[in-house]
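upload_4.pdb (PDB, C-alpha atoms) appears below.
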```pdb
ATOM      1  CA  MET A  25       8.891 -96.333  -8.610  1.00  0.00           C
ATOM      2  CA  ILE A  26       6.811 -95.323 -11.614  1.00  0.00           C
ATOM      3  CA  LEU A  27       3.681 -96.149  -9.628  1.00  0.00           C
ATOM      4  CA  LYS A  28       4.831 -93.872  -6.814  1.00  0.00           C
ATOM      5  CA  ILE A  29       5.364 -91.008  -9.256  1.00  0.00           C
ATOM      6  CA  TYR A  30       1.942 -91.715 -10.767  1.00  0.00           C
ATOM      7  CA  TYR A  31       0.169 -91.609  -7.391  1.00  0.00           C
ATOM      8  CA  LEU A  32       2.019 -88.462  -6.337  1.00  0.00           C
ATOM      9  CA  SER A  33       1.062 -86.695  -9.559  1.00  0.00           C
ATOM     10  CA  LYS A  34      -2.519 -87.911  -9.122  1.00  0.00           C
ATOM     11  CA  LEU A  35      -2.624 -86.451  -5.607  1.00  0.00           C
ATOM     12  CA  TYR A  36      -1.324 -83.170  -6.996  1.00  0.00           C
ATOM     13  CA  LEU A  37      -3.988 -83.090  -9.699  1.00  0.00           C
ATOM     14  CA  LEU A  38      -6.735 -83.759  -7.139  1.00  0.00           C
ATOM     15  CA  GLU A  39      -5.325 -80.947  -5.030  1.00  0.00           C
ATOM     16  CA  GLN A  40      -5.477 -78.518  -7.957  1.00  0.00           C
ATOM     17  CA  ILE A  41      -9.077 -79.549  -8.652  1.00  0.00           C
ATOM     18  CA  ARG A  42      -9.975 -78.816  -5.031  1.00  0.00           C
ATOM     19  CA  ARG A  43      -8.280 -75.434  -5.385  1.00  0.00           C
ATOM     20  CA  GLN A  44     -10.460 -74.867  -8.490  1.00  0.00           C
ATOM     21  CA  VAL A  45      -7.534 -73.863 -10.682  1.00  0.00           C
ATOM     22  CA  HIS A  46      -9.419 -75.312 -13.657  1.00  0.00           C
ATOM     23  CA  LEU A  47     -12.079 -72.600 -13.342  1.00  0.00           C
ATOM     24  CA  VAL A  48      -9.576 -70.014 -14.568  1.00  0.00           C
ATOM     25  CA  THR A  49      -8.965 -72.149 -17.657  1.00  0.00           C
ATOM     26  CA  LEU A  50     -12.690 -72.496 -18.281  1.00  0.00           C
ATOM     27  CA  PHE A  51     -13.169 -68.729 -17.928  1.00  0.00           C
ATOM     28  CA  LEU A  52     -10.459 -68.017 -20.504  1.00  0.00           C
ATOM     29  CA  ALA A  53     -11.914 -70.746 -22.739  1.00  0.00           C
ATOM     30  CA  VAL A  54     -15.240 -68.876 -22.808  1.00  0.00           C
ATOM     31  CA  ILE A  55     -13.399 -65.686 -23.773  1.00  0.00           C
ATOM     32  CA  LEU A  56     -11.614 -67.474 -26.632  1.00  0.00           C
ATOM     33  CA  LEU A  57     -14.914 -68.924 -27.846  1.00  0.00           C
ATOM     34  CA  MET A  58     -16.358 -65.415 -28.129  1.00  0.00           C
ATOM     35  CA  LEU A  59     -13.173 -63.702 -29.363  1.00  0.00           C
ATOM     36  CA  PRO A  60     -13.411 -64.466 -33.135  1.00  0.00           C
ATOM     37  CA  ALA A  61     -17.024 -63.270 -33.338  1.00  0.00           C
ATOM     38  CA  TYR A  62     -16.042 -60.054 -31.564  1.00  0.00           C
ATOM     39  CA  VAL A  63     -13.029 -59.512 -33.839  1.00  0.00           C
ATOM     40  CA  ASN A  64     -15.111 -60.310 -36.919  1.00  0.00           C
ATOM     41  CA  SER A  65     -17.547 -57.511 -36.112  1.00  0.00           C
ATOM     42  CA  PHE A  66     -14.696 -54.992 -36.459  1.00  0.00           C
ATOM     43  CA  SER A  67     -12.709 -56.612 -39.280  1.00  0.00           C
ATOM     44  CA  LEU A  68     -12.743 -55.443 -42.896  1.00  0.00           C
ATOM     45  CA  GLY A  69     -12.535 -58.911 -44.396  1.00  0.00           C
ATOM     46  CA  LEU A  70     -12.203 -62.586 -43.684  1.00  0.00           C
ATOM     47  CA  SER A  71      -8.408 -62.601 -43.961  1.00  0.00           C
ATOM     48  CA  ALA A  72      -8.030 -59.765 -41.477  1.00  0.00           C
ATOM     49  CA  PHE A  73     -10.490 -61.426 -39.111  1.00  0.00           C
ATOM     50  CA  GLU A  74      -8.571 -64.709 -39.086  1.00  0.00           C
ATOM     51  CA  ARG A  75      -5.166 -63.130 -38.589  1.00  0.00           C
ATOM     52  CA  VAL A  76      -6.233 -60.842 -35.763  1.00  0.00           C
ATOM     53  CA  ALA A  77      -8.195 -63.566 -33.991  1.00  0.00           C
ATOM     54  CA  LYS A  78      -5.314 -66.046 -34.247  1.00  0.00           C
ATOM     55  CA  ASP A  79      -2.724 -63.485 -33.186  1.00  0.00           C
ATOM     56  CA  PHE A  80      -4.659 -62.194 -30.198  1.00  0.00           C
ATOM     57  CA  GLY A  81      -5.941 -65.628 -29.158  1.00  0.00           C
ATOM     58  CA  LEU A  82      -2.520 -67.284 -29.240  1.00  0.00           C
ATOM     59  CA  THR A  83      -1.029 -64.343 -27.338  1.00  0.00           C
ATOM     60  CA  LEU A  84      -3.618 -64.825 -24.599  1.00  0.00           C
ATOM     61  CA  ILE A  85      -2.814 -68.535 -24.425  1.00  0.00           C
ATOM     62  CA  SER A  86       0.910 -67.768 -24.210  1.00  0.00           C
ATOM     63  CA  PHE A  87       0.507 -65.279 -21.347  1.00  0.00           C
ATOM     64  CA  TYR A  88      -1.843 -67.620 -19.516  1.00  0.00           C
ATOM     65  CA  ALA A  89       0.558 -70.564 -19.851  1.00  0.00           C
ATOM     66  CA  VAL A  90       3.457 -68.492 -18.510  1.00  0.00           C
ATOM     67  CA  ALA A  91       1.438 -67.165 -15.560  1.00  0.00           C
ATOM     68  CA  MET A  92       0.158 -70.653 -14.754  1.00  0.00           C
ATOM     69  CA  ALA A  93       3.674 -72.114 -15.007  1.00  0.00           C
ATOM     70  CA  ILE A  94       5.081 -69.596 -12.532  1.00  0.00           C
ATOM     71  CA  PHE A  95       2.172 -70.009 -10.116  1.00  0.00           C
ATOM     72  CA  LEU A  96       2.178 -73.806 -10.172  1.00  0.00           C
ATOM     73  CA  GLY A  97       5.966 -74.043 -10.121  1.00  0.00           C
ATOM     74  CA  VAL A  98       6.549 -71.846  -7.075  1.00  0.00           C
ATOM     75  CA  THR A  99       3.701 -73.407  -5.059  1.00  0.00           C
ATOM     76  CA  ALA A 100       4.220 -77.091  -5.926  1.00  0.00           C
ATOM     77  CA  VAL A 101       6.624 -77.747  -3.038  1.00  0.00           C
ATOM     78  CA  SER A 102       6.043 -74.734  -0.792  1.00  0.00           C
ATOM     79  CA  SER A 103       2.336 -75.494  -0.375  1.00  0.00           C
ATOM     80  CA  ASP A 104       3.165 -78.921   1.070  1.00  0.00           C
ATOM     81  CA  LEU A 105       5.691 -77.358   3.412  1.00  0.00           C
ATOM     82  CA  GLU A 106       3.228 -74.732   4.647  1.00  0.00           C
ATOM     83  CA  ARG A 107       0.463 -77.272   5.268  1.00  0.00           C
ATOM     84  CA  ARG A 108       2.976 -79.802   6.648  1.00  0.00           C
ATOM     85  CA  THR A 109       1.670 -82.489   4.315  1.00  0.00           C
ATOM     86  CA  LEU A 110       5.191 -83.079   3.028  1.00  0.00           C
ATOM     87  CA  TYR A 111       6.408 -84.827   6.181  1.00  0.00           C
ATOM     88  CA  PRO A 112       3.978 -87.795   6.068  1.00  0.00           C
ATOM     89  CA  LEU A 113       4.928 -88.324   2.421  1.00  0.00           C
ATOM     90  CA  LEU A 114       8.655 -88.300   3.093  1.00  0.00           C
ATOM     91  CA  ALA A 115       8.139 -90.618   6.077  1.00  0.00           C
ATOM     92  CA  ARG A 116       7.052 -93.264   3.605  1.00  0.00           C
ATOM     93  CA  PRO A 117       9.578 -95.126   1.400  1.00  0.00           C
ATOM     94  CA  ILE A 118       9.428 -92.406  -1.236  1.00  0.00           C
ATOM     95  CA  PRO A 119      12.719 -90.917  -2.488  1.00  0.00           C
ATOM     96  CA  ARG A 120      12.832 -87.167  -2.650  1.00  0.00           C
ATOM     97  CA  TRP A 121      13.558 -87.230  -6.371  1.00  0.00           C
ATOM     98  CA  ALA A 122      10.384 -89.272  -6.905  1.00  0.00           C
ATOM     99  CA  TYR A 123       8.424 -86.690  -4.906  1.00  0.00           C
ATOM    100  CA  LEU A 124       9.757 -83.852  -7.059  1.00  0.00           C
ATOM    101  CA  MET A 125       9.175 -85.823 -10.240  1.00  0.00           C
ATOM    102  CA  GLY A 126       5.585 -86.555  -9.190  1.00  0.00           C
ATOM    103  CA  LYS A 127       5.011 -82.855  -8.569  1.00  0.00           C
ATOM    104  CA  PHE A 128       6.519 -81.890 -11.901  1.00  0.00           C
ATOM    105  CA  VAL A 129       4.507 -84.488 -13.813  1.00  0.00           C
ATOM    106  CA  GLY A 130       1.353 -83.130 -12.159  1.00  0.00           C
ATOM    107  CA  VAL A 131       2.281 -79.563 -13.142  1.00  0.00           C
ATOM    108  CA  LEU A 132       3.032 -80.762 -16.673  1.00  0.00           C
ATOM    109  CA  VAL A 133      -0.389 -82.419 -16.998  1.00  0.00           C
ATOM    110  CA  VAL A 134      -2.177 -79.291 -15.776  1.00  0.00           C
ATOM    111  CA  LEU A 135      -0.264 -77.044 -18.176  1.00  0.00           C
ATOM    112  CA  VAL A 136      -0.606 -79.229 -21.269  1.00  0.00           C
ATOM    113  CA  SER A 137      -4.286 -80.029 -20.690  1.00  0.00           C
ATOM    114  CA  SER A 138      -5.114 -76.353 -20.077  1.00  0.00           C
ATOM    115  CA  VAL A 139      -3.316 -75.247 -23.235  1.00  0.00           C
ATOM    116  CA  LEU A 140      -4.978 -77.995 -25.271  1.00  0.00           C
ATOM    117  CA  VAL A 141      -8.440 -76.978 -24.059  1.00  0.00           C
ATOM    118  CA  LEU A 142      -7.799 -73.316 -24.842  1.00  0.00           C
ATOM    119  CA  SER A 143      -6.308 -73.981 -28.274  1.00  0.00           C
ATOM    120  CA  CYS A 144      -9.213 -76.273 -29.209  1.00  0.00           C
ATOM    121  CA  CYS A 145     -11.692 -73.583 -28.164  1.00  0.00           C
ATOM    122  CA  LEU A 146      -9.870 -71.007 -30.286  1.00  0.00           C
ATOM    123  CA  MET A 147      -9.681 -73.358 -33.271  1.00  0.00           C
ATOM    124  CA  LEU A 148     -13.387 -74.250 -33.077  1.00  0.00           C
ATOM    125  CA  SER A 149     -14.518 -70.660 -32.657  1.00  0.00           C
ATOM    126  CA  ILE A 150     -12.494 -69.543 -35.706  1.00  0.00           C
ATOM    127  CA  ALA A 151     -13.657 -72.563 -37.713  1.00  0.00           C
ATOM    128  CA  ALA A 152     -17.283 -71.689 -36.983  1.00  0.00           C
ATOM    129  CA  LEU A 153     -16.857 -68.428 -38.900  1.00  0.00           C
ATOM    130  CA  ALA A 154     -14.095 -69.251 -41.385  1.00  0.00           C
ATOM    131  CA  LYS A 155     -15.477 -72.746 -42.218  1.00  0.00           C
ATOM    132  CA  PHE A 156     -11.977 -74.170 -41.850  1.00  0.00           C
ATOM    133  CA  ALA A 157     -10.308 -75.764 -38.818  1.00  0.00           C
ATOM    134  CA  ASP A 158      -6.634 -74.860 -38.688  1.00  0.00           C
ATOM    135  CA  GLY A 159      -4.859 -77.631 -36.794  1.00  0.00           C
ATOM    136  CA  GLN A 160      -1.651 -75.605 -36.662  1.00  0.00           C
ATOM    137  CA  LEU A 161      -3.214 -73.584 -33.860  1.00  0.00           C
ATOM    138  CA  ILE A 162      -2.900 -76.609 -31.597  1.00  0.00           C
ATOM    139  CA  VAL A 163       0.714 -77.177 -32.689  1.00  0.00           C
ATOM    140  CA  VAL A 164       1.646 -73.578 -31.862  1.00  0.00           C
ATOM    141  CA  ALA A 165      -0.173 -73.810 -28.530  1.00  0.00           C
ATOM    142  CA  LEU A 166       1.753 -76.981 -27.681  1.00  0.00           C
ATOM    143  CA  CYS A 167       4.980 -75.087 -28.368  1.00  0.00           C
ATOM    144  CA  TYR A 168       3.805 -72.567 -25.776  1.00  0.00           C
ATOM    145  CA  ALA A 169       3.138 -75.500 -23.449  1.00  0.00           C
ATOM    146  CA  LEU A 170       6.745 -76.630 -23.898  1.00  0.00           C
ATOM    147  CA  GLU A 171       7.932 -73.125 -23.085  1.00  0.00           C
ATOM    148  CA  ALA A 172       5.730 -73.002 -19.977  1.00  0.00           C
ATOM    149  CA  SER A 173       6.866 -76.471 -18.886  1.00  0.00           C
ATOM    150  CA  VAL A 174      10.527 -75.425 -18.955  1.00  0.00           C
ATOM    151  CA  LEU A 175       9.629 -72.327 -16.932  1.00  0.00           C
ATOM    152  CA  ALA A 176       7.642 -74.424 -14.435  1.00  0.00           C
ATOM    153  CA  ALA A 177      10.594 -76.784 -13.952  1.00  0.00           C
ATOM    154  CA  ALA A 178      12.833 -73.776 -13.323  1.00  0.00           C
ATOM    155  CA  CYS A 179      10.379 -72.357 -10.775  1.00  0.00           C
ATOM    156  CA  ILE A 180      10.244 -75.697  -8.955  1.00  0.00           C
ATOM    157  CA  PHE A 181      14.046 -75.573  -8.771  1.00  0.00           C
ATOM    158  CA  PHE A 182      13.987 -71.991  -7.468  1.00  0.00           C
ATOM    159  CA  SER A 183      11.365 -72.890  -4.851  1.00  0.00           C
ATOM    160  CA  THR A 184      13.652 -75.524  -3.309  1.00  0.00           C
ATOM    161  CA  PHE A 185      16.030 -72.864  -1.977  1.00  0.00           C
ATOM    162  CA  SER A 186      13.942 -69.675  -1.799  1.00  0.00           C
ATOM    163  CA  SER A 187      10.545 -68.382  -0.737  1.00  0.00           C
ATOM    164  CA  PRO A 188       7.638 -68.487  -3.226  1.00  0.00           C
ATOM    165  CA  PRO A 189       7.733 -64.708  -3.937  1.00  0.00           C
ATOM    166  CA  LEU A 190      11.475 -64.795  -4.638  1.00  0.00           C
ATOM    167  CA  ALA A 191      11.095 -67.938  -6.741  1.00  0.00           C
ATOM    168  CA  GLY A 192       8.412 -66.155  -8.760  1.00  0.00           C
ATOM    169  CA  VAL A 193      10.672 -63.138  -9.302  1.00  0.00           C
ATOM    170  CA  LEU A 194      13.503 -65.403 -10.429  1.00  0.00           C
ATOM    171  CA  GLY A 195      11.097 -67.162 -12.796  1.00  0.00           C
ATOM    172  CA  VAL A 196       9.954 -63.860 -14.323  1.00  0.00           C
ATOM    173  CA  PHE A 197      13.584 -62.749 -14.722  1.00  0.00           C
ATOM    174  CA  LEU A 198      14.511 -66.044 -16.367  1.00  0.00           C
ATOM    175  CA  TYR A 199      11.565 -65.820 -18.745  1.00  0.00           C
ATOM    176  CA  PHE A 200      12.231 -62.183 -19.641  1.00  0.00           C
ATOM    177  CA  VAL A 201      15.966 -62.505 -20.307  1.00  0.00           C
ATOM    178  CA  GLY A 202      15.719 -65.946 -21.884  1.00  0.00           C
ATOM    179  CA  GLY A 203      12.972 -64.681 -24.185  1.00  0.00           C
ATOM    180  CA  LEU A 204      14.989 -61.798 -25.622  1.00  0.00           C
ATOM    181  CA  SER A 205      15.571 -62.380 -29.301  1.00  0.00           C
ATOM    182  CA  GLN A 206      18.910 -61.672 -30.950  1.00  0.00           C
ATOM    183  CA  SER A 207      17.264 -59.078 -33.213  1.00  0.00           C
ATOM    184  CA  PHE A 208      15.910 -57.232 -30.154  1.00  0.00           C
ATOM    185  CA  ILE A 209      19.348 -57.190 -28.553  1.00  0.00           C
ATOM    186  CA  SER A 210      21.064 -56.065 -31.754  1.00  0.00           C
ATOM    187  CA  PHE A 211      18.654 -53.380 -32.916  1.00  0.00           C
ATOM    188  CA  PHE A 212      17.054 -52.095 -29.688  1.00  0.00           C
ATOM    189  CA  LEU A 213      19.862 -52.334 -27.153  1.00  0.00           C
ATOM    190  CA  VAL A 214      22.806 -51.647 -29.479  1.00  0.00           C
ATOM    191  CA  GLU A 215      21.593 -49.426 -32.326  1.00  0.00           C
ATOM    192  CA  ASP A 216      18.592 -47.652 -30.792  1.00  0.00           C
ATOM    193  CA  ARG A 217      19.601 -47.331 -27.128  1.00  0.00           C
ATOM    194  CA  GLU A 218      23.352 -47.421 -27.789  1.00  0.00           C
ATOM    195  CA  SER A 219      23.955 -49.698 -24.799  1.00  0.00           C
ATOM    196  CA  PRO A 220      26.563 -52.229 -25.925  1.00  0.00           C
ATOM    197  CA  ALA A 221      27.392 -53.119 -22.312  1.00  0.00           C
ATOM    198  CA  VAL A 222      23.780 -54.033 -21.572  1.00  0.00           C
ATOM    199  CA  ALA A 223      23.581 -55.979 -24.829  1.00  0.00           C
ATOM    200  CA  MET A 224      26.744 -57.895 -23.935  1.00  0.00           C
ATOM    201  CA  LEU A 225      25.315 -58.672 -20.495  1.00  0.00           C
ATOM    202  CA  ALA A 226      22.050 -59.874 -22.053  1.00  0.00           C
ATOM    203  CA  ARG A 227      23.916 -62.113 -24.506  1.00  0.00           C
ATOM    204  CA  GLY A 228      26.035 -63.525 -21.691  1.00  0.00           C
ATOM    205  CA  LEU A 229      22.997 -64.330 -19.558  1.00  0.00           C
ATOM    206  CA  LYS A 230      21.195 -65.914 -22.503  1.00  0.00           C
ATOM    207  CA  MET A 231      24.087 -68.314 -22.998  1.00  0.00           C
ATOM    208  CA  VAL A 232      23.306 -70.013 -19.667  1.00  0.00           C
ATOM    209  CA  MET A 233      19.511 -69.702 -19.848  1.00  0.00           C
ATOM    210  CA  PRO A 234      16.808 -71.452 -21.864  1.00  0.00           C
ATOM    211  CA  HIS A 235      16.094 -69.663 -25.142  1.00  0.00           C
ATOM    212  CA  PHE A 236      12.355 -69.208 -24.759  1.00  0.00           C
ATOM    213  CA  ASP A 237      12.168 -67.316 -28.049  1.00  0.00           C
ATOM    214  CA  LEU A 238      12.698 -70.622 -29.878  1.00  0.00           C
ATOM    215  CA  PHE A 239       9.207 -71.776 -28.869  1.00  0.00           C
ATOM    216  CA  ARG A 240       7.413 -68.725 -30.263  1.00  0.00           C
ATOM    217  CA  VAL A 241       6.227 -69.881 -33.665  1.00  0.00           C
ATOM    218  CA  LYS A 242       3.005 -67.888 -33.705  1.00  0.00           C
ATOM    219  CA  ASN A 243       3.829 -66.051 -36.939  1.00  0.00           C
ATOM    220  CA  ALA A 244       3.791 -69.335 -38.831  1.00  0.00           C
ATOM    221  CA  VAL A 245       0.091 -69.890 -38.217  1.00  0.00           C
ATOM    222  CA  VAL A 246      -0.873 -66.211 -38.357  1.00  0.00           C
ATOM    223  CA  TYR A 247       0.701 -65.728 -41.795  1.00  0.00           C
ATOM    224  CA  THR A 248       0.013 -69.281 -43.027  1.00  0.00           C
ATOM    225  CA  LEU A 249       3.666 -70.331 -43.171  1.00  0.00           C
ATOM    226  CA  PRO A 250       4.700 -74.008 -42.986  1.00  0.00           C
ATOM    227  CA  LEU A 251       5.947 -75.440 -39.706  1.00  0.00           C
ATOM    228  CA  GLU A 252       8.944 -77.689 -40.278  1.00  0.00           C
ATOM    229  CA  PRO A 253       8.586 -81.041 -38.441  1.00  0.00           C
ATOM    230  CA  ALA A 254      12.347 -81.174 -37.902  1.00  0.00           C
ATOM    231  CA  TYR A 255      12.258 -77.819 -36.103  1.00  0.00           C
ATOM    232  CA  LEU A 256       9.346 -78.930 -33.915  1.00  0.00           C
ATOM    233  CA  LEU A 257      11.228 -82.100 -32.960  1.00  0.00           C
ATOM    234  CA  SER A 258      14.385 -80.147 -32.188  1.00  0.00           C
ATOM    235  CA  ILE A 259      12.673 -77.678 -29.844  1.00  0.00           C
ATOM    236  CA  THR A 260      10.852 -80.578 -28.164  1.00  0.00           C
ATOM    237  CA  GLY A 261      14.166 -82.259 -27.409  1.00  0.00           C
ATOM    238  CA  TYR A 262      15.606 -78.916 -26.320  1.00  0.00           C
ATOM    239  CA  ALA A 263      12.715 -78.387 -23.900  1.00  0.00           C
ATOM    240  CA  LEU A 264      12.968 -81.910 -22.483  1.00  0.00           C
ATOM    241  CA  ALA A 265      16.687 -81.428 -21.865  1.00  0.00           C
ATOM    242  CA  TRP A 266      16.093 -78.220 -19.901  1.00  0.00           C
ATOM    243  CA  MET A 267      13.234 -79.800 -17.930  1.00  0.00           C
ATOM    244  CA  LEU A 268      15.453 -82.727 -16.953  1.00  0.00           C
ATOM    245  CA  LEU A 269      18.282 -80.387 -15.968  1.00  0.00           C
ATOM    246  CA  PHE A 270      16.077 -78.232 -13.718  1.00  0.00           C
ATOM    247  CA  VAL A 271      14.472 -81.276 -12.078  1.00  0.00           C
ATOM    248  CA  LEU A 272      17.915 -82.787 -11.403  1.00  0.00           C
ATOM    249  CA  LEU A 273      19.146 -79.505  -9.921  1.00  0.00           C
ATOM    250  CA  ALA A 274      16.013 -79.296  -7.781  1.00  0.00           C
ATOM    251  CA  GLU A 275      16.611 -82.849  -6.550  1.00  0.00           C
ATOM    252  CA  ARG A 276      20.205 -82.050  -5.582  1.00  0.00           C
ATOM    253  CA  VAL A 277      19.142 -79.024  -3.544  1.00  0.00           C
ATOM    254  CA  PHE A 278      16.047 -80.684  -2.083  1.00  0.00           C
ATOM    255  CA  ALA A 279      18.018 -83.767  -0.997  1.00  0.00           C
ATOM    256  CA  ARG A 280      20.202 -81.562   1.212  1.00  0.00           C
ATOM    257  CA  LYS A 281      17.326 -79.780   2.949  1.00  0.00           C
ATOM    258  CA  ASP A 282      16.824 -80.659   6.596  1.00  0.00           C
ATOM    259  CA  LEU A 283      13.204 -81.838   6.635  1.00  0.00           C
TER     260      LEU A 283
END
```

Let me see the structure of the file written as structure tokens.
Amino acid sequence: MILKIYYLSKLYLLEQIRRQVHLVTLFLAVILLMLPAYVNSFSLGLSAFERVAKDFGLTLISFYAVAMAIFLGVTAVSSDLERRTLYPLLARPIPRWAYLMGKFVGVLVVLVSSVLVLSCCLMLSIAALAKFADGQLIVVALCYALEASVLAAACIFFSTFSSPPLAGVLGVFLYFVGGLSQSFISFFLVEDRESPAVAMLARGLKMVMPHFDLFRVKNAVVYTLPLEPAYLLSITGYALAWMLLFVLLAERVFARKDL
């Protein structure tokens, strides 16, 4: 069964290469290679240059990972249905859960490899000017990859019972509400906007959604703060648990579809 999942994920990766999805990653990689030099020309000192370049570069990687997760998640299954390539696969002795797992593993490889390439480009471009390679940039970027992987698993689940546009909207909603921090809810919704009902609704929704704000550890590398290994391990386990849950839910829905 592992071999079947491997071959299915390999087919998915070859499909993404034919669709030239990697060209978007390479384009953003070129931007990140030039970003520190551009920021340095406007900075007042080395410290300011490093902080701004890290902050802006990691933000770009985060937004790219989220956009890629939603796009890949909502099209992983629907593209096979539209091209009718799903039926020959299911006609073979391949369980539907193995098909979904192969798709998710392929999405996971694309996301993680893209984030690794981008973070390495940012680290090397900053190191070329600062004469120091900060490996924490890759750690923070991998946290963004975990966040994007959870979102991709959720979008795959949404795509099993809805159209790709609706699945994308549900993914954006999940990411937005699940990413609200407790400080934002307390100070912006309660104290500033005086909307306790909206704040209560947001807290209630967050209780049943992934807490995407846990993966945002950018300030640690921007302000040279230590990253606790125990915290990194805990959010990794948290992400894996949510990925498994969404894949299992997707399998339950997908197994009942009349295909």

Hits of the PyMOL selection byres ((chain A and resi 105-118) around 12) in this structure, as number ranges by chain: A: 25-29, 31-32, 35-36, 39, 98-104, 119-127, 183-184, 187-188, 278-279, 281-283

Store the residues picked out above, limited to C-alpha atoms, as an mmCIF file, keeping the file's coordinate frame.
```
data_model
loop_
_atom_site.group_PDB
_atom_site.id
_atom_site.type_symbol
_atom_site.label_atom_id
_atom_site.label_comp_id
_atom_site.auth_asym_id
_atom_site.auth_seq_id
_atom_site.Cartn_x
_atom_site.Cartn_y
_atom_site.Cartn_z
ATOM 1 C CA MET A 25 8.891 -96.333 -8.610
ATOM 2 C CA ILE A 26 6.811 -95.323 -11.614
ATOM 3 C CA LEU A 27 3.681 -96.149 -9.628
ATOM 4 C CA LYS A 28 4.831 -93.872 -6.814
ATOM 5 C CA ILE A 29 5.364 -91.008 -9.256
ATOM 6 C CA TYR A 31 0.169 -91.609 -7.391
ATOM 7 C CA LEU A 32 2.019 -88.462 -6.337
ATOM 8 C CA LEU A 35 -2.624 -86.451 -5.607
ATOM 9 C CA TYR A 36 -1.324 -83.170 -6.996
ATOM 10 C CA GLU A 39 -5.325 -80.947 -5.030
ATOM 11 C CA VAL A 98 6.549 -71.846 -7.075
ATOM 12 C CA THR A 99 3.701 -73.407 -5.059
ATOM 13 C CA ALA A 100 4.220 -77.091 -5.926
ATOM 14 C CA VAL A 101 6.624 -77.747 -3.038
ATOM 15 C CA SER A 102 6.043 -74.734 -0.792
ATOM 16 C CA SER A 103 2.336 -75.494 -0.375
ATOM 17 C CA ASP A 104 3.165 -78.921 1.070
ATOM 18 C CA PRO A 119 12.719 -90.917 -2.488
ATOM 19 C CA ARG A 120 12.832 -87.167 -2.650
ATOM 20 C CA TRP A 121 13.558 -87.230 -6.371
ATOM 21 C CA ALA A 122 10.384 -89.272 -6.905
ATOM 22 C CA TYR A 123 8.424 -86.690 -4.906
ATOM 23 C CA LEU A 124 9.757 -83.852 -7.059
ATOM 24 C CA MET A 125 9.175 -85.823 -10.240
ATOM 25 C CA GLY A 126 5.585 -86.555 -9.190
ATOM 26 C CA LYS A 127 5.011 -82.855 -8.569
ATOM 27 C CA SER A 183 11.365 -72.890 -4.851
ATOM 28 C CA THR A 184 13.652 -75.524 -3.309
ATOM 29 C CA SER A 187 10.545 -68.382 -0.737
ATOM 30 C CA PRO A 188 7.638 -68.487 -3.226
ATOM 31 C CA PHE A 278 16.047 -80.684 -2.083
ATOM 32 C CA ALA A 279 18.018 -83.767 -0.997
ATOM 33 C CA LYS A 281 17.326 -79.780 2.949
ATOM 34 C CA ASP A 282 16.824 -80.659 6.596
ATOM 35 C CA LEU A 283 13.204 -81.838 6.635
#
```

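One distance worth recording is that between CA of Leu204 (chain A) and CA of Phe236 (chain A), which is 7.9 Å.
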
Surrounding residues of Ser258 (chain A) excluding itself and chain neighbours under 5 positions, 12 Å, all atoms listed in the file, as an NGL selection string: :A and (167 or 170 or 238-239 or 252-253 or 263-265)

Picked residues, the PyMOL selection byres ((chain A and resi 151) around 12), expected as a list in words: Leu57, Pro60, Ala61, Leu70, Phe73, Glu74, Ala77, Lys78, Cys144, Cys145, Leu146, Met147, Leu148, Ser149, Ile150, Ala152, Leu153, Ala154, Lys155, Phe156, Ala157, Asp158, Gly159 and Leu161 of chain A

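Here CA of Phe80 (chain A) stands at a distance of 9.4 Å from CA of Leu56 (chain A).
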
Nearest-residue call for Ser173 (chain A), choices A:Gly202, A:Gly81, A:Gly192, A:Gly130, using all atoms listed in the file: A:Gly130
